[in-house]
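Novice: This is model-v4.cif (mmCIF, C-alpha atoms (C1' of nucleotides)).
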data_my_file
loop_
_atom_site.label_atom_id
_atom_site.label_comp_id
_atom_site.auth_asym_id
_atom_site.auth_seq_id
_atom_site.Cartn_x
_atom_site.Cartn_y
_atom_site.Cartn_z
CA MET A 1226 28.43 116.24 85.62
CA PRO A 1227 25.71 114.87 83.33
CA ARG A 1228 22.58 113.38 84.80
CA GLN A 1229 22.00 109.68 84.75
CA GLY A 1230 18.41 109.78 83.57
CA LEU A 1231 17.10 107.72 86.46
CA THR A 1232 13.43 106.92 86.72
CA THR A 1233 11.42 104.90 89.18
CA GLY A 1234 11.06 102.21 86.56
CA ARG A 1235 14.76 101.95 85.83
CA VAL A 1236 15.58 101.74 89.50
CA THR A 1237 12.97 99.05 90.06
CA ALA A 1238 14.19 97.06 87.07
CA ALA A 1239 17.77 97.24 88.27
CA ALA A 1240 16.65 96.19 91.74
CA ALA A 1241 14.88 93.18 90.24
CA ASP A 1242 17.96 92.13 88.29
CA LEU A 1243 20.15 92.62 91.33
CA ALA A 1244 17.74 90.58 93.45
CA ASP A 1245 17.97 87.70 91.00
CA ASP A 1246 21.74 87.94 91.13
CA VAL A 1247 22.50 88.27 94.82
CA GLY A 1248 19.20 87.65 96.59
CA LEU A 1249 16.42 89.98 97.59
CA GLU A 1250 17.89 90.58 101.04
CA GLN A 1251 21.05 91.94 99.50
CA VAL A 1252 19.29 94.55 97.42
CA THR A 1253 20.46 97.71 99.16
CA LEU A 1254 20.03 101.28 98.07
CA THR A 1255 23.78 101.63 98.29
CA ALA A 1256 24.31 98.80 95.81
CA LEU A 1257 21.72 100.26 93.45
CA ALA A 1258 23.34 103.67 93.67
CA LYS A 1259 26.71 102.12 92.89
CA HIS A 1260 25.21 100.41 89.86
CA PHE A 1261 23.96 103.71 88.49
CA GLU A 1262 27.16 105.52 89.54
CA VAL A 1263 25.18 107.86 91.69
CA ALA A 1264 25.23 108.89 95.34
CA THR A 1265 22.88 106.88 97.53
CA PRO A 1266 20.58 109.72 98.58
CA SER A 1267 19.99 110.57 94.92
CA LEU A 1268 17.74 107.55 94.68
CA TYR A 1269 15.25 109.15 97.02
CA THR A 1270 14.06 111.35 94.20
CA HIS A 1271 12.70 108.24 92.52
CA VAL A 1272 11.79 105.89 95.38
CA ARG A 1273 10.40 106.58 98.81
CA SER A 1274 12.38 104.02 100.76
CA GLN A 1275 14.06 100.67 100.66
CA ALA A 1276 10.72 99.00 101.36
CA ASP A 1277 9.28 100.91 98.43
CA VAL A 1278 11.88 99.38 96.13
CA ARG A 1279 11.04 95.89 97.34
CA THR A 1280 7.36 96.52 96.80
CA GLY A 1281 8.15 97.74 93.31
CA VAL A 1282 10.00 94.52 92.54
CA ALA A 1283 7.05 92.55 93.90
CA LEU A 1284 4.62 94.39 91.63
CA LEU A 1285 6.95 93.90 88.68
CA ALA A 1286 7.23 90.19 89.37
CA LEU A 1287 3.48 89.78 89.74
CA ALA A 1288 2.89 91.61 86.46
CA GLU A 1289 5.55 89.61 84.62
CA THR A 1290 4.27 86.28 85.88
CA ALA A 1291 0.71 87.25 85.01
CA ASP A 1292 1.83 87.80 81.41
CA LEU A 1293 3.69 84.49 81.41
CA VAL A 1294 0.68 82.65 82.80
CA ALA A 1295 -1.63 84.25 80.26
CA ALA A 1296 0.61 83.11 77.44
CA ALA A 1297 1.13 79.64 78.88
CA ILE A 1298 -2.48 78.72 79.45
CA ALA A 1299 -3.74 80.04 76.13
CA GLY A 1300 -5.38 77.29 74.20
CA VAL A 1301 -4.89 74.49 76.71
CA SER A 1302 -7.14 72.94 79.32
CA GLY A 1303 -7.23 70.15 81.88
CA ARG A 1304 -3.94 68.64 82.94
CA ALA A 1305 -2.05 70.61 80.30
CA ALA A 1306 -3.40 73.81 81.77
CA LEU A 1307 -2.28 72.77 85.23
CA ALA A 1308 1.18 71.97 83.91
CA ALA A 1309 1.31 75.32 82.15
CA LEU A 1310 0.22 77.28 85.20
CA GLY A 1311 2.44 75.43 87.65
CA GLY A 1312 5.32 75.37 85.20
CA VAL A 1313 5.36 79.14 84.99
CA TRP A 1314 5.84 79.47 88.74
CA ARG A 1315 8.31 76.65 89.07
CA THR A 1316 10.42 77.96 86.22
CA TYR A 1317 10.15 81.56 87.34
CA ALA A 1318 11.23 80.69 90.87
CA VAL A 1319 14.37 79.06 89.51
CA GLU A 1320 15.24 81.60 86.84
CA HIS A 1321 14.29 84.69 88.84
CA PRO A 1322 14.73 83.78 92.49
CA GLY A 1323 14.90 87.38 93.66
CA ARG A 1324 11.81 88.47 91.81
CA TYR A 1325 10.01 85.34 92.92
CA ALA A 1326 10.88 86.00 96.56
CA ALA A 1327 9.60 89.55 96.17
CA SER A 1328 6.35 88.27 94.70
CA ARG A 1329 5.77 86.34 97.97
CA LEU A 1330 6.05 89.44 100.16
CA PRO A 1331 2.85 90.44 101.93
CA LEU A 1332 1.41 93.61 100.41
CA ASP A 1333 -0.85 96.02 102.21
CA ALA A 1334 -4.45 96.10 101.07
CA GLU A 1335 -4.29 99.04 98.68
CA THR A 1336 -1.03 97.93 97.08
CA ALA A 1337 -2.44 94.45 96.64
CA ALA A 1338 -5.54 95.91 95.04
CA ALA A 1339 -3.39 97.81 92.55
CA SER A 1340 -1.24 94.75 91.82
CA ALA A 1341 -1.67 92.00 89.27
CA GLY A 1342 -2.93 89.79 92.10
CA ARG A 1343 -6.48 90.02 90.88
CA ARG A 1344 -5.35 89.16 87.37
CA HIS A 1345 -3.62 86.09 88.74
CA ALA A 1346 -6.80 84.98 90.44
CA ASP A 1347 -8.71 85.43 87.19
CA LEU A 1348 -6.06 83.59 85.20
CA SER A 1349 -6.06 80.68 87.63
CA ARG A 1350 -9.79 80.41 87.29
CA ALA A 1351 -9.45 80.56 83.52
CA ALA A 1352 -6.93 77.73 83.59
CA LEU A 1353 -9.48 75.62 85.45
CA ARG A 1354 -12.30 76.37 83.09
CA GLY A 1355 -12.07 72.94 81.47
CA TYR A 1356 -12.98 71.23 84.72
CA ARG A 1357 -16.40 72.91 84.89
CA LEU A 1358 -16.32 73.46 88.61
CA SER A 1359 -18.96 75.19 90.66
CA SER A 1360 -17.92 78.72 91.57
CA ALA A 1361 -17.33 77.74 95.19
CA ASP A 1362 -15.20 74.80 94.10
CA GLU A 1363 -13.30 77.09 91.81
CA VAL A 1364 -12.19 79.14 94.80
CA HIS A 1365 -11.10 76.03 96.67
CA ALA A 1366 -9.27 74.77 93.60
CA VAL A 1367 -7.44 78.04 93.06
CA ARG A 1368 -6.27 77.97 96.66
CA PHE A 1369 -5.26 74.34 96.40
CA LEU A 1370 -3.24 74.93 93.26
CA GLY A 1371 -1.69 78.11 94.61
CA ALA A 1372 -0.65 76.41 97.82
CA THR A 1373 0.81 73.38 96.09
CA PHE A 1374 2.66 75.22 93.34
CA HIS A 1375 4.13 77.86 95.59
CA GLY A 1376 4.93 75.39 98.32
CA TYR A 1377 6.67 73.20 95.80
CA ALA A 1378 8.71 76.08 94.44
CA ALA A 1379 9.66 77.16 97.94
CA LEU A 1380 10.73 73.71 99.09
CA ASP A 1381 12.66 73.14 95.89
CA ALA A 1382 14.39 76.50 96.20
CA ALA A 1383 15.25 75.82 99.85
CA GLY A 1384 16.86 72.57 98.78
CA ALA A 1385 14.48 70.54 100.92
CA PHE A 1386 14.27 67.89 98.20
CA GLY A 1387 17.99 67.42 98.04
CA HIS A 1388 18.65 66.72 101.71
CA GLY A 1389 17.53 63.14 101.52
CA ALA A 1390 19.18 60.00 100.24
CA ALA A 1391 21.33 60.22 97.13
CA ASP A 1392 19.11 57.76 95.31
CA ALA A 1393 15.92 59.72 95.97
CA PRO A 1394 13.79 60.35 92.88
CA ALA A 1395 14.43 63.61 91.05
CA SER A 1396 12.24 66.61 91.73
CA ASP A 1397 10.96 66.53 88.15
CA GLU A 1398 9.49 63.12 88.70
CA SER A 1399 7.61 64.20 91.81
CA TRP A 1400 6.40 67.25 89.95
CA GLU A 1401 4.72 65.12 87.30
CA ARG A 1402 3.08 63.05 90.02
CA VAL A 1403 1.81 66.18 91.69
CA LEU A 1404 0.27 67.37 88.44
CA ASP A 1405 -1.30 63.95 87.92
CA GLY A 1406 -2.73 64.07 91.41
CA LEU A 1407 -4.15 67.56 91.11
CA ASP A 1408 -5.66 66.71 87.75
CA ALA A 1409 -7.33 63.62 89.20
CA ILE A 1410 -8.79 65.59 92.08
CA LEU A 1411 -10.22 68.30 89.87
CA ARG A 1412 -11.68 65.79 87.48
CA SER A 1413 -13.43 64.17 90.42
CA TRP A 1414 -14.77 67.54 91.55
CA GLU A 1415 -16.14 68.11 88.06
CA ALA A 1416 -18.45 65.16 88.49
CA ARG A 1417 -20.13 66.50 91.60
CA MET B 456 27.45 93.91 138.71
CA PRO B 457 26.02 90.39 138.79
CA ARG B 458 26.09 88.25 135.70
CA GLN B 459 22.93 87.51 133.82
CA GLY B 460 23.49 83.79 133.38
CA LEU B 461 23.09 83.87 129.63
CA THR B 462 23.44 80.73 127.61
CA THR B 463 23.11 79.98 123.93
CA GLY B 464 19.83 78.27 124.66
CA ARG B 465 18.35 81.17 126.58
CA VAL B 466 19.32 83.61 123.86
CA THR B 467 17.84 81.38 121.17
CA ALA B 468 14.62 80.94 123.12
CA ALA B 469 14.29 84.68 123.64
CA ALA B 470 14.97 85.23 119.95
CA ALA B 471 12.20 82.78 119.08
CA ASP B 472 9.72 84.52 121.35
CA LEU B 473 10.72 87.90 120.00
CA ALA B 474 10.37 86.64 116.43
CA ASP B 475 6.82 85.51 117.16
CA ASP B 476 6.09 88.91 118.64
CA VAL B 477 7.58 91.32 116.13
CA GLY B 478 8.59 89.20 113.16
CA LEU B 479 11.77 87.35 112.34
CA GLU B 480 13.20 90.30 110.43
CA GLN B 481 13.00 92.47 113.52
CA VAL B 482 14.99 90.11 115.70
CA THR B 483 18.12 92.17 116.21
CA LEU B 484 20.98 91.52 118.55
CA THR B 485 20.36 94.95 120.00
CA ALA B 486 16.79 94.05 120.89
CA LEU B 487 17.87 90.76 122.42
CA ALA B 488 20.55 92.50 124.44
CA LYS B 489 17.99 95.00 125.69
CA HIS B 490 15.72 92.16 126.74
CA PHE B 491 18.47 90.62 128.86
CA GLU B 492 19.63 94.03 130.10
CA VAL B 493 23.04 93.43 128.68
CA ALA B 494 25.32 95.26 126.26
CA THR B 495 24.97 94.11 122.66
CA PRO B 496 28.51 92.76 122.22
CA SER B 497 28.04 90.57 125.29
CA LEU B 498 25.86 88.28 123.22
CA TYR B 499 28.82 87.28 121.10
CA THR B 500 30.02 85.05 123.90
CA HIS B 501 26.99 82.87 123.26
CA VAL B 502 26.25 83.27 119.55
CA ARG B 503 28.52 83.70 116.60
CA SER B 504 26.45 86.18 114.65
CA GLN B 505 22.98 87.40 113.87
CA ALA B 506 22.67 84.68 111.24
CA ASP B 507 23.64 82.16 113.89
CA VAL B 508 20.71 83.28 116.04
CA ARG B 509 18.31 82.88 113.15
CA THR B 510 19.64 79.42 112.44
CA GLY B 511 19.19 78.57 116.09
CA VAL B 512 15.56 79.65 115.96
CA ALA B 513 15.11 77.54 112.82
CA LEU B 514 16.53 74.46 114.54
CA LEU B 515 14.36 75.11 117.58
CA ALA B 516 11.25 75.43 115.42
CA LEU B 517 12.03 72.26 113.50
CA ALA B 518 12.56 70.33 116.72
CA GLU B 519 9.38 71.70 118.29
CA THR B 520 7.26 70.94 115.27
CA ALA B 521 8.72 67.45 115.03
CA ASP B 522 7.53 66.81 118.59
CA LEU B 523 4.11 68.23 117.77
CA VAL B 524 3.81 66.11 114.66
CA ALA B 525 4.88 62.98 116.53
CA ALA B 526 2.18 63.59 119.12
CA ALA B 527 -0.47 64.49 116.56
CA ILE B 528 -0.10 61.49 114.28
CA ALA B 529 0.15 58.93 117.04
CA GLY B 530 -2.62 56.40 116.68
CA VAL B 531 -4.25 57.82 113.58
CA SER B 532 -4.02 56.97 109.89
CA GLY B 533 -5.48 57.89 106.54
CA ARG B 534 -7.28 61.19 106.26
CA ALA B 535 -7.06 61.77 110.00
CA ALA B 536 -3.29 61.47 109.81
CA LEU B 537 -3.19 64.00 106.98
CA ALA B 538 -5.35 66.36 109.01
CA ALA B 539 -3.08 65.89 112.02
CA LEU B 540 0.11 66.47 110.07
CA GLY B 541 -1.18 69.45 108.13
CA GLY B 542 -2.94 70.85 111.17
CA VAL B 543 0.31 71.04 113.09
CA TRP B 544 1.92 73.22 110.45
CA ARG B 545 -1.11 75.38 109.84
CA THR B 546 -1.61 76.00 113.54
CA TYR B 547 2.07 76.51 114.22
CA ALA B 548 2.37 79.05 111.40
CA VAL B 549 -0.44 81.08 112.96
CA GLU B 550 0.56 80.75 116.60
CA HIS B 551 4.30 81.06 116.07
CA PRO B 552 4.78 83.09 112.90
CA GLY B 553 8.37 84.03 113.69
CA ARG B 554 9.44 80.49 114.48
CA TYR B 555 7.58 79.23 111.44
CA ALA B 556 9.32 81.73 109.18
CA ALA B 557 12.65 80.66 110.63
CA SER B 558 11.82 77.03 109.94
CA ARG B 559 11.53 77.91 106.25
CA LEU B 560 15.03 79.36 106.02
CA PRO B 561 17.44 77.43 103.83
CA LEU B 562 20.05 75.66 105.94
CA ASP B 563 23.48 74.67 104.73
CA ALA B 564 24.08 70.96 104.30
CA GLU B 565 25.72 70.18 107.62
CA THR B 566 23.26 72.24 109.65
CA ALA B 567 20.39 70.57 107.84
CA ALA B 568 21.89 67.18 108.60
CA ALA B 569 22.05 68.06 112.31
CA SER B 570 18.49 69.40 112.29
CA ALA B 571 15.21 67.65 112.90
CA GLY B 572 14.66 67.71 109.13
CA ARG B 573 15.34 64.03 108.85
CA ARG B 574 12.94 63.33 111.70
CA HIS B 575 10.30 65.31 109.85
CA ALA B 576 10.80 63.20 106.75
CA ASP B 577 10.47 60.04 108.80
CA LEU B 578 7.37 61.33 110.57
CA SER B 579 5.73 62.28 107.30
CA ARG B 580 6.35 58.80 105.98
CA ALA B 581 4.96 57.36 109.20
CA ALA B 582 1.80 59.44 108.80
CA LEU B 583 1.33 57.91 105.35
CA ARG B 584 1.85 54.36 106.51
CA GLY B 585 -1.87 53.58 106.28
CA TYR B 586 -1.88 54.18 102.54
CA ARG B 587 0.58 51.34 101.88
CA LEU B 588 2.47 53.21 99.18
CA SER B 589 5.52 51.94 97.35
CA SER B 590 8.70 53.53 98.67
CA ALA B 591 9.07 55.67 95.55
CA ASP B 592 5.49 56.84 95.86
CA GLU B 593 6.12 57.60 99.50
CA VAL B 594 8.78 60.11 98.50
CA HIS B 595 6.47 61.73 95.99
CA ALA B 596 3.68 61.84 98.53
CA VAL B 597 5.87 63.42 101.20
CA ARG B 598 6.88 66.12 98.76
CA PHE B 599 3.30 66.66 97.65
CA LEU B 600 2.08 67.04 101.21
CA GLY B 601 4.98 69.24 102.23
CA ALA B 602 4.44 71.54 99.28
CA THR B 603 0.72 71.84 99.81
CA PHE B 604 0.79 72.28 103.57
CA HIS B 605 3.59 74.81 103.56
CA GLY B 606 2.24 76.63 100.55
CA TYR B 607 -1.13 76.87 102.22
CA ALA B 608 0.34 78.20 105.43
CA ALA B 609 2.40 80.75 103.51
CA LEU B 610 -0.49 82.02 101.40
CA ASP B 611 -2.74 82.18 104.43
CA ALA B 612 -0.12 84.08 106.42
CA ALA B 613 0.47 86.50 103.54
CA GLY B 614 -3.25 87.20 103.49
CA ALA B 615 -3.58 85.97 99.92
CA PHE B 616 -6.91 84.34 100.77
CA GLY B 617 -8.38 87.53 102.13
CA HIS B 618 -7.77 89.78 99.13
CA GLY B 619 -10.71 88.48 97.19
CA ALA B 620 -14.41 89.13 97.40
CA ALA B 621 -15.98 89.58 100.80
CA ASP B 622 -18.28 86.61 100.26
CA ALA B 623 -15.44 84.24 99.42
CA PRO B 624 -15.49 80.96 101.35
CA ALA B 625 -13.50 80.87 104.56
CA SER B 626 -10.01 79.46 104.54
CA ASP B 627 -11.11 76.65 106.88
CA GLU B 628 -13.51 75.40 104.27
CA SER B 629 -10.87 75.24 101.57
CA TRP B 630 -8.56 73.50 104.01
CA GLU B 631 -11.01 70.64 104.46
CA ARG B 632 -11.36 70.33 100.72
CA VAL B 633 -7.59 70.18 100.34
CA LEU B 634 -7.39 67.39 102.90
CA ASP B 635 -10.19 65.55 101.12
CA GLY B 636 -8.36 65.91 97.84
CA LEU B 637 -5.02 64.73 99.14
CA ASP B 638 -6.66 61.77 100.85
CA ALA B 639 -8.38 60.78 97.62
CA ILE B 640 -5.13 60.94 95.67
CA LEU B 641 -3.21 58.85 98.14
CA ARG B 642 -5.97 56.27 98.32
CA SER B 643 -5.79 55.98 94.55
CA TRP B 644 -2.02 55.53 94.70
CA GLU B 645 -2.49 52.77 97.24
CA ALA B 646 -4.26 50.70 94.64
CA ARG B 647 -1.43 50.77 92.12
"C1'" DG C 161 39.57 80.47 152.83
"C1'" DG C 162 42.67 82.32 149.96
"C1'" DT C 163 44.58 81.92 145.29
"C1'" DT C 164 44.35 80.81 140.53
"C1'" DT C 165 41.87 80.18 136.49
"C1'" DT C 166 38.19 80.78 133.46
"C1'" DA C 167 35.09 83.10 130.75
"C1'" DT C 168 31.23 86.39 131.14
"C1'" DC C 169 30.31 90.82 130.52
"C1'" DC C 170 32.07 95.42 129.80
"C1'" DT C 171 33.61 99.89 127.08
"C1'" DA C 172 35.60 101.65 122.95
"C1'" DA C 173 35.68 101.90 118.22
"C1'" DT C 174 34.79 100.77 113.15
"C1'" DG C 175 32.00 100.20 109.23
"C1'" DC C 176 27.87 99.87 106.64
"C1'" DG C 177 23.25 101.03 105.32
"C1'" DC C 178 19.00 103.99 105.61
"C1'" DA C 179 17.29 108.32 105.77
"C1'" DT C 180 16.67 113.69 106.08
"C1'" DA C 181 18.09 118.50 105.07
"C1'" DG C 182 19.52 121.78 102.26
"C1'" DG C 183 22.52 123.34 98.36
"C1'" DT C 184 23.89 123.41 93.23
"C1'" DA C 185 23.76 122.83 88.57
"C1'" DA C 186 21.85 120.48 84.58
"C1'" DC C 187 17.96 120.32 81.68
"C1'" DG C 188 13.43 121.80 79.34
"C1'" DG C 189 10.32 125.71 78.08
"C1'" DC C 190 10.06 130.08 76.32
"C1'" DG D 533 19.86 133.31 76.37
"C1'" DC D 534 17.02 133.52 80.41
"C1'" DC D 535 14.10 131.10 84.07
"C1'" DG D 536 12.01 127.72 86.61
"C1'" DT D 537 12.10 122.96 87.75
"C1'" DT D 538 14.20 119.09 89.64
"C1'" DA D 539 17.80 115.59 89.40
"C1'" DC D 540 21.62 114.94 91.82
"C1'" DC D 541 25.00 116.52 95.17
"C1'" DT D 542 27.43 116.94 100.07
"C1'" DA D 543 26.85 116.92 104.92
"C1'" DT D 544 25.00 114.74 108.72
"C1'" DG D 545 22.82 111.59 112.07
"C1'" DC D 546 21.09 107.29 113.51
"C1'" DG D 547 20.75 102.23 114.28
"C1'" DC D 548 22.75 97.88 113.93
"C1'" DA D 549 26.52 94.23 113.47
"C1'" DT D 550 30.82 93.16 114.58
"C1'" DT D 551 35.79 93.17 116.46
"C1'" DA D 552 39.33 94.15 120.02
"C1'" DG D 553 40.87 94.29 124.37
"C1'" DG D 554 40.09 94.97 129.38
"C1'" DA D 555 37.89 94.15 134.07
"C1'" DT D 556 35.66 91.22 137.32
"C1'" DA D 557 32.44 87.76 138.81
"C1'" DA D 558 32.28 83.03 139.48
"C1'" DA D 559 34.10 78.57 139.62
"C1'" DA D 560 38.13 75.43 140.59
"C1'" DC D 561 41.70 74.16 143.20
"C1'" DC D 562 44.74 73.48 147.08
#
Could you render the structure as structure tokens?
Specialist:
Amino acid sequence: MPRQGLTTGRVTAAAADLADDVGLEQVTLTALAKHFEVATPSLYTHVRSQADVRTGVALLALAETADLVAAAIAGVSGRAALAALGGVWRTYAVEHPGRYAASRLPLDAETAAASAGRRHADLSRAALRGYRLSSADEVHAVRFLGATFHGYAALDAAGAFGHGAADAPASDESWERVLDGLDAILRSWEAR
Amino acid sequence: MPRQGLTTGRVTAAAADLADDVGLEQVTLTALAKHFEVATPSLYTHVRSQADVRTGVALLALAETADLVAAAIAGVSGRAALAALGGVWRTYAVEHPGRYAASRLPLDAETAAASAGRRHADLSRAALRGYRLSSADEVHAVRFLGATFHGYAALDAAGAFGHGAADAPASDESWERVLDGLDAILRSWEAR
DNA sequence: GGTTTTATCCTAATGCGCATAGGTAACGGC
DNA sequence: GCCGTTACCTATGCGCATTAGGATAAAACC
């Protein structure tokens, strides 16, 4: 029987697509093997373990989002830059829920060092450049934005904004208010 | 052989403790059964499934945190109320990581309706009472705070704040700045 | 206090998924 | 066309969730 031409990259990519389809938890080696019409143990030539696959998806997601952020924040500053940065995450979490979930997994120190995590930190700082913050404030601001954007995406994904009254304002409306608020804070920090 | 006197509540409580110890993912029915010195299938008299146990831990965590929030925000307002509300979540996420993780699980509509989720929404609004916001702004503010507090707890737990330079400011410092920022925003909304 | 009822806990068994070990044959270099 | 490499195979074992059906401890009743 002919070989399938599997590679680590193809397996990881398929795992990412599957995660977006059925959820990260449901990404099993068995399902991946079925997708490639291959016996389950055959995958072990290309990946070390199930956890290894998940880590691979996480690294893929971090790299993809870093590219998206880089493109989104190019040429904009201030509130527009915040909207661009936050919009990437909010959109990505909706369109690629499995990849997004993977990107939130804790990575061990060396994996994190080899990931696009550092690039994300740099990009976030770049997005804030227009506010002319002190370098200490920049760190606080990056954490603030990261917390708010990721928290928002998580709550939205968990449906926490839909549990309330039927006449509650739409999530989009709150999102704009959040961006307004963050922009106001950072502008006030600029003046210090 | 004597019976163990298991109940749904005792199983759920043990699951919560175990989750805090070894992580929510590692809470298996087998491990719980071992803890009670009982055969695994015996648990099915008290819980419907593994997912049911997790949901039970989530409901427990939501109820516990609602009590903590109620106690923390009693008699305070403004920035102090924000610190109280956020502090509950940040502390809880560190001291009870398994329960906290469970509290972030998506719940189906009827389970959510029976949970302390509604109480949390009411408590959050109560914490904001001092800002005298319009009712629409109150919803936006609750979402803003929820996103930021939970995002912060998640990033902190994932170690995202420790990956950077060794001389980076401590997380506590950023936390105070976040509270300052949120307080400033809400005070500005008050004036509208 | 003995009998009936209830339901807690048991053993047995199935199925799925991860993972390791060791064999076989397809491919790439020469 | 031969040879070495390795992608993929079958066989196997383990852990966990879950179902089915039986035994007995405990409670309920007279």
Novice: Starting from the PyMOL selection byres ((chain B) within 8 of (chain C)), expand the selection into actual residues of this file and give them as a ChimeraX atom specification.
Specialist: /B:458,493-494,497,500
Novice: How many Å lie between CA of Val597 in chain B and CA of Val531 in chain B, rounded to one decimal?
Specialist: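 Computed distance, CA of Val597 in chain B to CA of Val531 in chain B, equals 16.9 Å.
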Novice: As an exercise, work out the distance from CA of Leu479 in chain B to CA of Gly553 in chain B in Å and give it to one decimal place.
Specialist: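 The value is 4.9 Å.
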Novice: Write out, as a Markdown table, each residue of chain D that has an atom at most 10 Å from chain B, together with the closest pair of atoms and their distance in Å to one decimal, counting all atoms listed in the file, rows going by chain and rising number.
Specialist:
| residue | atom | partner | partner_atom | distance |
| --- | --- | --- | --- | --- |
| D:DG547 | C1' | B:Thr485 | CA | 9.3 |
| D:DC548 | C1' | B:Thr485 | CA | 7.2 |
| D:DA549 | C1' | B:Gln505 | CA | 7.7 |
| D:DT550 | C1' | B:Pro496 | CA | 8.0 |
| D:DT551 | C1' | B:Pro496 | CA | 9.3 |
| D:DT556 | C1' | B:Met456 | CA | 8.8 |
| D:DA557 | C1' | B:Pro457 | CA | 6.9 |
| D:DA558 | C1' | B:Arg458 | CA | 8.9 |
Novice: Show me a table, sorted first by chain and then by increasing residue number, of the residues of chain B having an atom at most 6 Å from chain A, each with its shortest atom pair and the distance in Å to one decimal, counting all atoms listed in the file and written as CSV.
Specialist:
residue,atom,partner,partner_atom,distance
B:Pro561,CA,A:Ala1383,CA,4.8
B:His595,CA,A:Ser1399,CA,5.0
B:Ala602,CA,A:Gly1376,CA,4.0
B:Thr603,CA,A:Thr1373,CA,4.0
B:His605,CA,A:Gly1376,CA,5.4
B:Gly606,CA,A:Gly1376,CA,3.7
B:Tyr607,CA,A:Ala1372,CA,4.4
B:Ala613,CA,A:Pro1331,CA,4.9
B:Ser629,CA,A:His1365,CA,5.0
B:Gly636,CA,A:Ile1410,CA,5.8
B:Ile640,CA,A:Gly1406,CA,5.8
Novice: By how many Å are CA of Thr566 in chain B and CA of Gly511 in chain B apart?
Specialist: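 The value is 9.9 Å.
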Novice: Identify which of the residues A:Leu1284, A:Leu1268, A:Ser1302, A:Ala1309 lies closest to DC541 in chain D, counting all atoms listed in the file when measuring atom-to-atom distances.
Specialist: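 Nearest to DC541 in chain D: A:Leu1268.
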Novice: If the PyMOL selection byres ((chain B and resi 558) around 7) is run on the structure shown, which residues does it catch, given as a list of chain:residue names?
Specialist: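 So the PyMOL selection byres ((chain B and resi 558) around 7), applied here, picks out B:Ala513, B:Ala516, B:Leu517, B:Arg554, B:Tyr555, B:Ala556, B:Ala557, B:Arg559, B:Leu560.
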Novice: Could you name the residues that touch Val1236 in chain A at 8 Å or less, counting all atoms listed in the file, but leaving out those on the same chain fewer than 6 positions away, as a compact mmCIF listing (two decimals) with C-alpha atoms, keeping the file's coordinate frame?
Specialist:
# COMPACT_ATOMS: atom_id res chain seq x y z
CA LEU A 1257 21.72 100.26 93.45
CA HIS A 1271 12.70 108.24 92.52
CA VAL A 1278 11.88 99.38 96.13
